[in-house]
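Engineer: Structure: target-v1.txt, compact mmCIF, C-alpha atoms.
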# COMPACT_ATOMS: atom_id res chain seq x y z
CA MET A 726 114.32 142.62 10.99
CA MET A 727 116.09 140.90 8.09
CA ARG A 728 119.19 143.02 8.60
CA THR A 729 119.23 142.35 12.36
CA LEU A 730 119.13 138.64 11.65
CA LEU A 731 121.95 139.04 9.15
CA LEU A 732 124.03 140.92 11.68
CA LEU A 733 123.54 138.05 14.14
CA LEU A 734 124.70 135.48 11.58
CA PRO A 735 128.46 135.94 12.11
CA ALA A 736 127.97 135.62 15.88
CA ALA A 737 126.01 132.41 15.39
CA LEU A 738 128.76 131.03 13.16
CA LEU A 739 131.41 132.00 15.70
CA LEU A 740 129.50 130.11 18.38
CA ALA A 741 129.11 127.13 16.09
CA GLN A 742 132.86 127.16 15.51
CA THR A 743 133.95 127.43 19.13
CA ALA A 744 131.35 125.28 20.85
CA PRO A 745 132.26 121.63 21.18
CA VAL A 746 130.57 119.36 18.70
CA HIS A 747 128.50 117.38 21.17
CA LYS A 748 127.45 114.84 18.60
CA ALA A 749 131.03 113.78 17.91
CA ALA A 750 132.30 114.29 21.44
CA ALA A 751 129.42 112.39 22.98
CA GLN A 752 130.23 109.28 21.00
CA THR A 753 132.82 107.31 22.87
CA PRO A 754 135.70 106.54 20.54
CA ALA A 755 136.01 102.89 19.68
CA PRO A 756 138.43 101.08 21.98
CA VAL A 757 141.85 100.94 20.40
CA THR A 758 144.13 97.98 20.43
CA ASN A 759 147.01 98.94 22.73
CA TYR A 760 149.83 98.47 20.28
CA LYS A 761 148.35 101.23 18.16
CA VAL A 762 148.78 103.74 20.97
CA SER A 763 152.07 105.47 21.72
CA GLY A 764 153.19 108.49 23.69
CA ASN A 765 151.52 109.41 26.97
CA PRO A 766 148.15 107.63 27.33
CA ASN A 767 147.02 110.27 29.85
CA ALA A 768 148.07 113.31 27.81
CA ALA A 769 145.55 116.15 27.45
CA VAL A 770 145.92 116.12 23.69
CA GLU A 771 145.29 113.03 21.57
CA ILE A 772 146.30 112.77 17.93
CA ASP A 773 144.71 110.04 15.83
CA ALA A 774 146.26 109.39 12.43
CA TYR A 775 144.26 107.55 9.77
CA THR A 776 146.42 105.96 7.09
CA ASP A 777 146.20 103.46 4.27
CA TYR A 778 149.34 101.37 3.71
CA GLU A 779 149.02 101.57 -0.05
CA CYS A 780 148.54 105.34 -0.23
CA PRO A 781 151.68 107.17 -1.43
CA HIS A 782 150.86 110.29 0.62
CA CYS A 783 150.71 108.11 3.74
CA ALA A 784 154.17 106.74 2.97
CA ARG A 785 155.35 110.36 2.70
CA PHE A 786 153.54 111.13 5.96
CA PHE A 787 155.54 108.41 7.73
CA ALA A 788 158.81 109.37 6.05
CA GLU A 789 158.61 113.16 6.36
CA PHE A 790 156.15 114.16 9.09
CA MET A 791 156.32 111.36 11.65
CA PRO A 792 160.06 111.42 12.55
CA GLN A 793 159.94 115.09 13.62
CA PHE A 794 156.51 114.73 15.22
CA THR A 795 157.62 111.63 17.15
CA ALA A 796 160.69 113.43 18.49
CA ASP A 797 158.75 116.58 19.44
CA TYR A 798 155.53 115.15 20.87
CA ILE A 799 155.39 111.37 21.21
CA LYS A 800 158.77 110.62 22.79
CA THR A 801 158.45 113.65 25.06
CA GLY A 802 155.07 112.37 26.29
CA LYS A 803 153.26 115.56 25.32
CA VAL A 804 150.55 113.76 23.35
CA LYS A 805 148.81 110.45 23.08
CA PHE A 806 149.20 109.14 19.53
CA VAL A 807 146.83 106.59 18.00
CA HIS A 808 147.53 105.06 14.61
CA ARG A 809 144.29 103.99 12.92
CA ASP A 810 143.79 101.95 9.76
CA PHE A 811 141.67 103.34 6.95
CA PRO A 812 142.33 101.07 3.95
CA ILE A 813 140.59 102.38 0.83
CA THR A 814 140.22 98.90 -0.64
CA GLN A 815 138.35 100.02 -3.78
CA ILE A 816 141.55 101.52 -5.17
CA HIS A 817 144.17 99.85 -2.97
CA PRO A 818 143.72 96.06 -3.13
CA HIS A 819 146.75 95.27 -0.91
CA ALA A 820 145.98 97.80 1.84
CA GLN A 821 143.89 95.47 3.99
CA LEU A 822 146.50 92.69 3.84
CA ALA A 823 149.22 95.17 4.77
CA ALA A 824 147.12 96.24 7.76
CA ARG A 825 146.77 92.58 8.79
CA TYR A 826 150.56 92.16 8.73
CA ALA A 827 151.09 95.32 10.79
CA ASN A 828 148.43 94.36 13.32
CA ALA A 829 149.73 90.79 13.59
CA ALA A 830 153.19 92.20 14.29
CA GLY A 831 151.55 94.50 16.83
CA GLU A 832 150.12 91.50 18.68
CA LEU A 833 153.71 90.29 19.09
CA GLY A 834 155.16 93.69 20.08
CA PHE A 835 156.68 94.68 16.72
CA TYR A 836 154.06 97.21 15.57
CA ASP A 837 156.13 100.35 14.98
CA ILE A 838 159.00 98.60 13.22
CA VAL A 839 156.66 96.77 10.84
CA VAL A 840 154.46 99.81 10.14
CA ASN A 841 157.57 101.78 9.17
CA GLN A 842 158.90 98.92 7.06
CA ILE A 843 155.62 98.48 5.16
CA PHE A 844 155.52 102.17 4.30
CA LYS A 845 159.24 102.30 3.50
CA THR A 846 158.96 99.42 1.04
CA GLN A 847 155.65 100.54 -0.49
CA ASP A 848 157.20 100.99 -3.95
CA ALA A 849 158.16 97.31 -3.99
CA TRP A 850 154.76 95.82 -3.23
CA TYR A 851 151.95 98.26 -3.95
CA SER A 852 149.48 97.44 -6.68
CA TYR A 853 150.55 99.92 -9.37
CA GLY A 854 152.88 98.82 -12.17
CA LYS A 855 154.29 95.32 -12.11
CA ASN A 856 154.66 94.90 -8.39
CA THR A 857 153.86 91.58 -6.84
CA GLY A 858 152.07 92.68 -3.69
CA ASP A 859 154.64 90.70 -1.70
CA ILE A 860 154.21 92.37 1.67
CA ASP A 861 155.43 89.21 3.36
CA ALA A 862 158.91 89.59 1.88
CA ALA A 863 159.06 93.23 2.99
CA VAL A 864 158.04 92.41 6.57
CA ALA A 865 160.39 89.41 6.76
CA GLN A 866 163.34 91.78 6.29
CA VAL A 867 162.84 93.35 9.72
CA LEU A 868 161.54 90.53 11.93
CA PRO A 869 163.42 87.64 13.51
CA PRO A 870 162.50 84.35 11.75
CA GLY A 871 160.55 83.01 14.75
CA ALA A 872 158.43 86.15 15.05
CA MET A 873 157.90 86.23 11.29
CA GLN A 874 156.56 82.68 11.40
CA LYS A 875 154.07 83.69 14.13
CA VAL A 876 153.06 86.77 12.15
CA ARG A 877 152.34 84.58 9.11
CA GLU A 878 150.16 82.26 11.20
CA LEU A 879 148.23 85.18 12.67
CA VAL A 880 147.75 86.79 9.23
CA LYS A 881 146.31 83.51 7.93
CA THR A 882 144.07 82.63 10.84
CA ASP A 883 143.36 85.48 13.29
CA PRO A 884 140.00 87.22 12.70
CA ARG A 885 140.84 89.87 15.35
CA LEU A 886 143.18 91.53 12.84
CA ASP A 887 140.31 92.46 10.56
CA GLU A 888 138.10 93.40 13.51
CA THR A 889 140.72 95.93 14.61
CA VAL A 890 140.72 97.43 11.13
CA LYS A 891 136.92 97.46 11.04
CA LYS A 892 136.76 99.35 14.35
CA ASP A 893 139.03 102.03 12.93
CA VAL A 894 137.09 102.23 9.66
CA ASP A 895 133.80 102.56 11.58
CA MET A 896 135.34 105.33 13.66
CA ALA A 897 136.54 107.08 10.48
CA ASN A 898 133.15 106.82 8.78
CA ASN A 899 130.78 107.43 11.68
CA VAL A 900 132.61 109.73 14.07
CA ASP A 901 135.42 111.55 12.25
CA HIS A 902 133.88 111.48 8.74
CA ILE A 903 137.20 110.87 7.02
CA ASN A 904 137.31 110.67 3.23
CA SER A 905 141.02 110.83 2.47
CA THR A 906 144.33 109.68 3.88
CA PRO A 907 146.45 110.65 5.63
CA THR A 908 144.13 112.54 7.95
CA ILE A 909 144.95 113.35 11.53
CA VAL A 910 142.37 114.14 14.19
CA VAL A 911 143.30 116.41 17.07
CA VAL A 912 141.38 116.01 20.32
CA ALA A 913 142.21 118.44 23.12
CA ASN A 914 140.96 117.66 26.64
CA GLY A 915 138.42 115.16 25.35
CA GLY A 916 136.60 117.91 23.46
CA LYS A 917 135.79 118.49 19.81
CA ARG A 918 137.48 116.10 17.38
CA GLU A 919 139.21 118.23 14.71
CA PRO A 920 140.10 116.33 11.52
CA ILE A 921 142.95 117.79 9.45
CA SER A 922 143.22 116.29 5.97
CA THR A 923 145.72 118.81 4.58
CA ILE A 924 148.47 117.85 7.02
CA MET A 925 150.93 116.96 4.23
CA ASN A 926 150.53 120.38 2.56
CA MET A 927 151.31 122.63 5.49
CA PRO A 928 154.70 123.64 6.85
CA TYR A 929 155.52 121.62 9.99
CA ALA A 930 156.32 124.84 11.90
CA ILE A 931 152.72 126.07 11.54
CA PHE A 932 151.29 122.72 12.63
CA LYS A 933 153.64 122.82 15.63
CA GLN A 934 152.41 126.30 16.52
CA TYR A 935 148.79 125.07 16.33
CA LEU A 936 149.51 121.99 18.44
CA ASP A 937 151.45 123.99 21.03
CA GLN A 938 148.41 126.27 21.38
CA LYS A 939 146.25 123.20 21.98
CA LEU A 940 148.71 121.90 24.58
CA ALA A 941 148.66 125.30 26.29
CA GLY A 942 144.87 125.01 26.47
CA LYS A 943 144.19 127.88 24.04
CA MET B 1323 103.50 153.94 -25.64
CA ASN B 1324 103.97 150.20 -26.20
CA ARG B 1325 107.70 150.76 -26.32
CA LEU B 1326 107.56 152.51 -22.92
CA ILE B 1327 105.57 149.65 -21.38
CA HIS B 1328 108.03 147.18 -22.88
CA GLN B 1329 110.97 149.15 -21.44
CA GLY B 1330 109.27 149.30 -18.04
CA ASN B 1331 108.83 145.53 -18.00
CA LEU B 1332 112.43 145.05 -19.04
CA HIS B 1333 113.63 147.30 -16.21
CA ARG B 1334 111.51 145.37 -13.72
CA TRP B 1335 112.94 142.06 -14.96
CA LEU B 1336 116.48 143.40 -14.77
CA ALA B 1337 115.90 144.75 -11.27
CA SER B 1338 114.50 141.38 -10.13
CA GLY B 1339 117.39 139.56 -11.81
CA LEU B 1340 119.82 141.81 -10.02
CA ILE B 1341 118.26 141.01 -6.64
CA VAL B 1342 118.25 137.26 -7.33
CA GLY B 1343 121.87 137.37 -8.58
CA ARG B 1344 122.99 139.36 -5.56
CA LEU B 1345 121.24 136.96 -3.16
CA ILE B 1346 122.73 133.89 -4.87
CA LEU B 1347 126.18 135.45 -4.71
CA GLY B 1348 125.70 136.38 -1.05
CA VAL B 1349 124.58 132.88 -0.11
CA ILE B 1350 127.55 131.36 -1.99
CA PHE B 1351 129.97 133.49 0.04
CA VAL B 1352 128.22 132.68 3.32
CA VAL B 1353 128.28 128.93 2.56
CA ALA B 1354 131.95 129.06 1.47
CA ALA B 1355 132.82 130.87 4.70
CA TYR B 1356 130.78 128.48 6.85
CA MET B 1357 132.42 125.41 5.30
CA LYS B 1358 135.84 126.82 6.15
CA LEU B 1359 134.94 128.08 9.61
CA ARG B 1360 133.43 124.79 10.77
CA ALA B 1361 136.81 123.10 10.17
CA PRO B 1362 139.84 123.99 12.32
CA TRP B 1363 141.72 126.98 10.87
CA ILE B 1364 144.83 124.86 10.41
CA GLU B 1365 142.99 122.83 7.75
CA PHE B 1366 142.69 125.95 5.59
CA VAL B 1367 146.40 126.67 6.13
CA GLY B 1368 147.06 123.34 4.39
CA SER B 1369 144.72 124.24 1.52
CA LEU B 1370 146.38 127.64 1.03
CA SER B 1371 149.87 126.22 1.31
CA ALA B 1372 149.12 123.69 -1.43
CA PHE B 1373 148.81 126.52 -3.97
CA GLU B 1374 152.50 127.33 -3.40
CA LEU B 1375 151.92 131.07 -3.72
CA LEU B 1376 151.88 132.61 -0.26
CA PRO B 1377 155.00 132.91 1.88
CA GLU B 1378 154.96 130.86 5.09
CA TRP B 1379 154.50 133.92 7.33
CA ALA B 1380 151.30 134.88 5.46
CA LEU B 1381 149.56 131.50 5.63
CA THR B 1382 148.18 131.73 9.16
CA PRO B 1383 146.92 135.35 8.96
CA VAL B 1384 145.21 134.69 5.61
CA ALA B 1385 143.71 131.39 6.79
CA ARG B 1386 142.30 133.02 9.89
CA THR B 1387 140.87 136.14 8.24
CA LEU B 1388 139.77 135.20 4.72
CA PRO B 1389 136.76 133.08 5.81
CA TRP B 1390 135.51 135.93 8.01
CA ALA B 1391 135.97 138.39 5.14
CA GLU B 1392 133.96 136.05 2.90
CA LEU B 1393 131.25 135.85 5.54
CA ALA B 1394 131.08 139.63 5.90
CA LEU B 1395 130.94 140.01 2.12
CA GLY B 1396 128.18 137.42 1.84
CA VAL B 1397 126.12 139.11 4.56
CA ALA B 1398 126.63 142.51 2.92
CA LEU B 1399 125.50 141.17 -0.46
CA ILE B 1400 122.41 139.55 1.03
CA SER B 1401 121.49 142.72 2.92
CA GLY B 1402 121.90 144.86 -0.20
CA ILE B 1403 123.80 147.70 1.44
CA TRP B 1404 126.25 149.51 -0.88
CA GLN B 1405 125.33 146.88 -3.43
CA ARG B 1406 127.51 148.00 -6.33
CA TRP B 1407 130.63 148.35 -4.17
CA PHE B 1408 130.25 144.98 -2.49
CA ALA B 1409 129.44 143.39 -5.86
CA LEU B 1410 132.62 144.95 -7.21
CA ILE B 1411 134.64 143.56 -4.26
CA ALA B 1412 133.09 140.11 -4.89
CA SER B 1413 134.06 140.33 -8.58
CA LEU B 1414 137.65 141.29 -7.75
CA LEU B 1415 137.94 138.56 -5.12
CA LEU B 1416 136.52 135.91 -7.46
CA THR B 1417 138.83 137.10 -10.26
CA LEU B 1418 141.76 136.59 -7.89
CA PHE B 1419 140.53 133.12 -6.84
CA PHE B 1420 139.87 132.06 -10.41
CA THR B 1421 143.28 133.27 -11.64
CA VAL B 1422 145.04 131.36 -8.84
CA MET B 1423 143.04 128.22 -9.62
CA VAL B 1424 143.74 128.38 -13.38
CA ARG B 1425 147.44 128.91 -12.73
CA SER B 1426 147.54 125.93 -10.30
CA TYR B 1427 145.69 123.73 -12.78
CA ILE B 1428 148.02 124.70 -15.63
CA VAL B 1429 151.17 123.96 -13.62
CA GLY B 1430 149.66 120.58 -12.75
CA LEU B 1431 149.13 120.84 -9.00
CA LYS B 1432 147.01 117.92 -7.75
CA ILE B 1433 145.38 119.71 -4.87
CA ASP B 1434 142.10 120.57 -3.18
CA CYS B 1435 140.92 124.04 -4.14
CA GLY B 1436 139.71 124.59 -0.58
CA CYS B 1437 136.96 126.86 -1.95
CA PHE B 1438 134.20 125.22 0.08
CA GLY B 1439 136.35 123.62 2.77
CA PRO B 1440 138.31 120.38 2.58
CA GLY B 1441 137.68 117.63 0.01
CA ASP B 1442 137.07 119.84 -3.04
CA ALA B 1443 139.60 118.64 -5.64
CA LEU B 1444 140.82 121.19 -8.19
CA GLY B 1445 139.76 120.18 -11.70
CA PRO B 1446 137.63 121.21 -14.70
CA LYS B 1447 134.45 120.98 -12.59
CA THR B 1448 135.71 123.34 -9.88
CA LEU B 1449 137.09 125.69 -12.54
CA ALA B 1450 133.74 125.76 -14.37
CA ARG B 1451 131.91 126.36 -11.08
CA ASP B 1452 134.20 129.22 -10.08
CA PHE B 1453 133.98 130.74 -13.56
CA SER B 1454 130.16 130.72 -13.31
CA MET B 1455 130.39 132.45 -9.95
CA LEU B 1456 132.76 135.05 -11.41
CA ALA B 1457 130.43 135.63 -14.38
CA LEU B 1458 127.51 136.11 -11.99
CA ALA B 1459 129.49 138.55 -9.85
CA VAL B 1460 130.52 140.57 -12.90
CA ALA B 1461 126.91 140.63 -14.15
CA VAL B 1462 125.65 141.83 -10.74
CA THR B 1463 128.39 144.48 -10.58
CA VAL B 1464 127.70 145.82 -14.09
CA GLY B 1465 123.94 145.72 -13.49
CA SER B 1466 124.26 147.55 -10.17
CA PHE B 1467 126.39 150.34 -11.64
CA ARG B 1468 124.07 150.73 -14.66
CA ARG B 1469 121.02 150.84 -12.46
CA THR B 1470 122.54 153.58 -10.32
CA GLN B 1471 123.47 155.49 -13.48
CA ASN B 1472 119.90 155.17 -14.88
CA LYS B 1473 118.42 156.41 -11.62
CA MET B 1474 120.59 159.51 -11.81
CA GLU B 1475 119.56 160.35 -15.39
CA PRO B 1476 116.84 163.08 -15.60
CA VAL B 1477 113.38 161.91 -16.69
CA ILE B 1478 112.39 163.52 -20.00
CA ALA B 1479 108.65 164.05 -20.29
What would you get if you wrote out this structure as structure tokens?
Structural biologist:
Amino acid sequence: MMRTLLLLLPAALLLAQTAPVHKAAAQTPAPVTNYKVSGNPNAAVEIDAYTDYECPHCARFFAEFMPQFTADYIKTGKVKFVHRDFPITQIHPHAQLAARYANAAGELGFYDIVVNQIFKTQDAWYSYGKNTGDIDAAVAQVLPPGAMQKVRELVKTDPRLDETVKKDVDMANNVDHINSTPTIVVVANGGKREPISTIMNMPYAIFKQYLDQKLAGK
Amino acid sequence: MNRLIHQGNLHRWLASGLIVGRLILGVIFVVAAYMKLRAPWIEFVGSLSAFELLPEWALTPVARTLPWAELALGVALISGIWQRWFALIASLLLTLFFTVMVRSYIVGLKIDCGCFGPGDALGPKTLARDFSMLALAVAVTVGSFRRTQNKMEPVIA
């Protein structure tokens, strides 16, 4: 009897691996602010990327992974891409403010350019060493003066900027169970949400192979 | 006479210890396999790649088969079939894992060990844990071979 049960164990695990996780899939993802979505909104495969503006690996993610990924999958409309905020404020005191700047720029239609600029200039403002945390100066380099003024006003006064971040953090904690950044979550055909936290360790070619399988419905 | 009773008790204790050790080892392998299999296989590719040891072509095959091999080994250890051979395989596998982990720690890689799925940072704690598992596996292997040897020895009246 014991041995029969043991023989059934691998089969049970296989089923557990392949069956959709109803708990996660059943929970409707939190509505995302539109500027955080790019690519094809109706694509069969959705990629959510959780990042923290003060995390060095996330800066590397945007510098090394995103350009190729954008060219291969976002610009070609193969996937829907959602950028989500997951500021780990206990160790990154400027991350929330950086997210406010990015989201304020998003409200005005400058999301991508400001997100890239914040990550690109991370060394100049992040909280390690003798940096000043002057995200404002970094953002001002890429926005027209009028837009920058509006961004500053929004950052100072608009509570929606923090609400957007909170929605993403809730999603990370309650649905995707994220505990590090950058983490991407792959969702194929509205099914099981598959978090991948080791994205920065793997060769891009293998990730591409995996994603192409998802797109082919395998 | 007392010495014989004492030896009998000792044998019983050792036999029980061997069963407990084998079961613990089996459960560890099943849990390690489960933690990897519940995540997408690509996650384990990232963990393996971080060790900077395997060539790119080997990452996917190893990531897709190793968790199943661990599961099979765990099930075999729990069931007790061919105990000494499966204990030996577990010892060799854990020696390999431990060597790779020590090497990665010495060269200063700041990575997840991936032993029990994602989020398991390589450090003194993970090294101590894996060393304990290796010590247990070696003990079970040695005990299993000795027990088989003792059973084969003729009983002298």
Engineer: So how far away is CA of Pro928 (chain A) from CA of Trp1379 (chain B), in Å?
Structural biologist: 10.3 Å
Engineer: Would you compute the distance between CA of Asn828 (chain A) and CA of Asp777 (chain A)? Give it in Å to one decimal.
Structural biologist: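 So the answer is 13.0 Å.
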Engineer: Please report as an MDAnalysis selection string which residues of chain A come no farther than 6 Å from chain B, using all atoms listed in the file.
Structural biologist: chainID A and resid 742 921 923 926:927
Engineer: I'd like the interatomic distance between CA of Glu878 (chain A) and CA of Gly764 (chain A), to a tenth of an Å.
Structural biologist: 29.2 Å
Engineer: Which residue is closest to Lys939 (chain A)? Choose from A:Ile816, A:Ala829, A:Val912, A:Val807 and count all atoms listed in the file.
Structural biologist: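 With all atoms listed in the file as the atom set, the closest residue is A:Val912.
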Engineer: For a quick check of understanding, using all atoms listed in the file, which of B:Arg1334, B:Arg1344, B:Lys1432, B:Arg1406 has the smallest distance to Ser1466 (chain B)?
Structural biologist: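 Of B:Arg1334, B:Arg1344, B:Lys1432, B:Arg1406, the one nearest Ser1466 (chain B), counting all atoms listed in the file, is B:Arg1406.
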Engineer: Under the rule that all atoms listed in the file are counted, which of A:Ser905, A:Gln874, A:Lys917, A:Gly831 is the nearest residue to Asp1442 (chain B)?
Structural biologist: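 Counting all atoms listed in the file, the residue closest to Asp1442 (chain B) is A:Ser905.
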Engineer: Counting only C-alpha atoms, which residues come within 9 Å of (154.7, 102.4, 10.6), with the point read in the file's coordinates, and could you list them as a PDB file with C-alpha atoms, in the frame of the given file?
Structural biologist:
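This is the output file selection.pdb:
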ATOM      1  CA  TYR A 778     149.340 101.370   3.710  1.00  0.00           C
ATOM      2  CA  ALA A 784     154.170 106.740   2.970  1.00  0.00           C
ATOM      3  CA  PHE A 787     155.540 108.410   7.730  1.00  0.00           C
ATOM      4  CA  HIS A 808     147.530 105.060  14.610  1.00  0.00           C
ATOM      5  CA  ALA A 827     151.090  95.320  10.790  1.00  0.00           C
ATOM      6  CA  TYR A 836     154.060  97.210  15.570  1.00  0.00           C
ATOM      7  CA  ASP A 837     156.130 100.350  14.980  1.00  0.00           C
ATOM      8  CA  ILE A 838     159.000  98.600  13.220  1.00  0.00           C
ATOM      9  CA  VAL A 839     156.660  96.770  10.840  1.00  0.00           C
ATOM     10  CA  VAL A 840     154.460  99.810  10.140  1.00  0.00           C
ATOM     11  CA  ASN A 841     157.570 101.780   9.170  1.00  0.00           C
ATOM     12  CA  GLN A 842     158.900  98.920   7.060  1.00  0.00           C
ATOM     13  CA  ILE A 843     155.620  98.480   5.160  1.00  0.00           C
ATOM     14  CA  PHE A 844     155.520 102.170   4.300  1.00  0.00           C
ATOM     15  CA  LYS A 845     159.240 102.300   3.500  1.00  0.00           C
TER      16      LYS A 845
END
Engineer: For Ser922 (chain A), which residue out of A:Gly871, A:Asn904, A:Tyr935, A:Ala788 is the nearest one, using all atoms listed in the file?
Structural biologist: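 Looking at the shortest contact to Ser922 (chain A), the residue is A:Asn904.
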Engineer: Between B:Phe1351, B:Phe1408, B:Trp1335, B:Phe1420, which residue has the minimum interatomic distance to Ala1450 (chain B), considering only C-alpha atoms?
Structural biologist: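 Among the listed residues, the smallest separation from Ala1450 (chain B) belongs to B:Phe1420.
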Engineer: Smallest atom-to-atom distance to Ile931 (chain A): which of B:Ile1346, B:Ala1385, B:Leu1414, B:Val1462, using only C-alpha atoms?
Structural biologist: B:Ala1385
Engineer: So which residues are close to (154.9, 114.3, 19.0), meaning at most 12 Å away in the file's coordinates with all atoms listed in the file counted, and can you show them as a PyMOL selection string?
Structural biologist: chain A and resi 763-765+768+770-774+790-807+911+929+932-933+936-937+940
Engineer: Would you kindly return, as a ChimeraX atom specification, each protein, DNA or RNA residue with an atom no farther than 12 Å from any atom of region 888-892 of chain A, considering all atoms listed in the file and excluding same-chain residues fewer than 6 positions away?
Structural biologist: /A:754-761,775-777,808-814,820-829,831-832,898-900
Engineer: Can you complete the atoms of region 1334-1351 of chain B to N, CA and C atoms and list them as a compact mmCIF listing (two decimals), in the frame of the given file?
Structural biologist:
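As a result, out-v9.txt now contains:
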# COMPACT_ATOMS: atom_id res chain seq x y z
N ARG B 1334 111.95 146.15 -14.89
CA ARG B 1334 111.51 145.37 -13.72
C ARG B 1334 112.20 144.01 -13.69
N TRP B 1335 112.28 143.37 -14.87
CA TRP B 1335 112.94 142.06 -14.96
C TRP B 1335 114.42 142.17 -14.57
N LEU B 1336 115.05 143.22 -15.09
CA LEU B 1336 116.48 143.40 -14.77
C LEU B 1336 116.69 143.64 -13.28
N ALA B 1337 115.79 144.46 -12.71
CA ALA B 1337 115.90 144.75 -11.27
C ALA B 1337 115.73 143.47 -10.45
N SER B 1338 114.73 142.65 -10.85
CA SER B 1338 114.50 141.38 -10.13
C SER B 1338 115.70 140.46 -10.31
N GLY B 1339 116.22 140.41 -11.54
CA GLY B 1339 117.39 139.56 -11.81
C GLY B 1339 118.58 139.96 -10.97
N LEU B 1340 118.72 141.28 -10.81
CA LEU B 1340 119.82 141.81 -10.02
C LEU B 1340 119.70 141.37 -8.56
N ILE B 1341 118.48 141.42 -8.05
CA ILE B 1341 118.26 141.01 -6.64
C ILE B 1341 118.56 139.52 -6.49
N VAL B 1342 118.03 138.72 -7.42
CA VAL B 1342 118.25 137.26 -7.33
C VAL B 1342 119.76 136.95 -7.43
N GLY B 1343 120.43 137.59 -8.40
CA GLY B 1343 121.87 137.37 -8.58
C GLY B 1343 122.65 137.75 -7.34
N ARG B 1344 122.31 138.88 -6.77
CA ARG B 1344 122.99 139.36 -5.56
C ARG B 1344 122.78 138.39 -4.40
N LEU B 1345 121.53 137.90 -4.25
CA LEU B 1345 121.24 136.96 -3.16
C LEU B 1345 122.00 135.64 -3.34
N ILE B 1346 122.01 135.14 -4.60
CA ILE B 1346 122.73 133.89 -4.87
C ILE B 1346 124.21 134.06 -4.51
N LEU B 1347 124.78 135.17 -4.97
CA LEU B 1347 126.18 135.45 -4.71
C LEU B 1347 126.45 135.54 -3.19
N GLY B 1348 125.57 136.22 -2.50
CA GLY B 1348 125.70 136.38 -1.05
C GLY B 1348 125.67 135.03 -0.34
N VAL B 1349 124.72 134.20 -0.74
CA VAL B 1349 124.58 132.88 -0.11
C VAL B 1349 125.83 132.03 -0.40
N ILE B 1350 126.34 132.12 -1.63
CA ILE B 1350 127.55 131.36 -1.99
C ILE B 1350 128.71 131.74 -1.05
N PHE B 1351 128.88 133.05 -0.84
CA PHE B 1351 129.97 133.49 0.04
C PHE B 1351 129.75 133.04 1.48
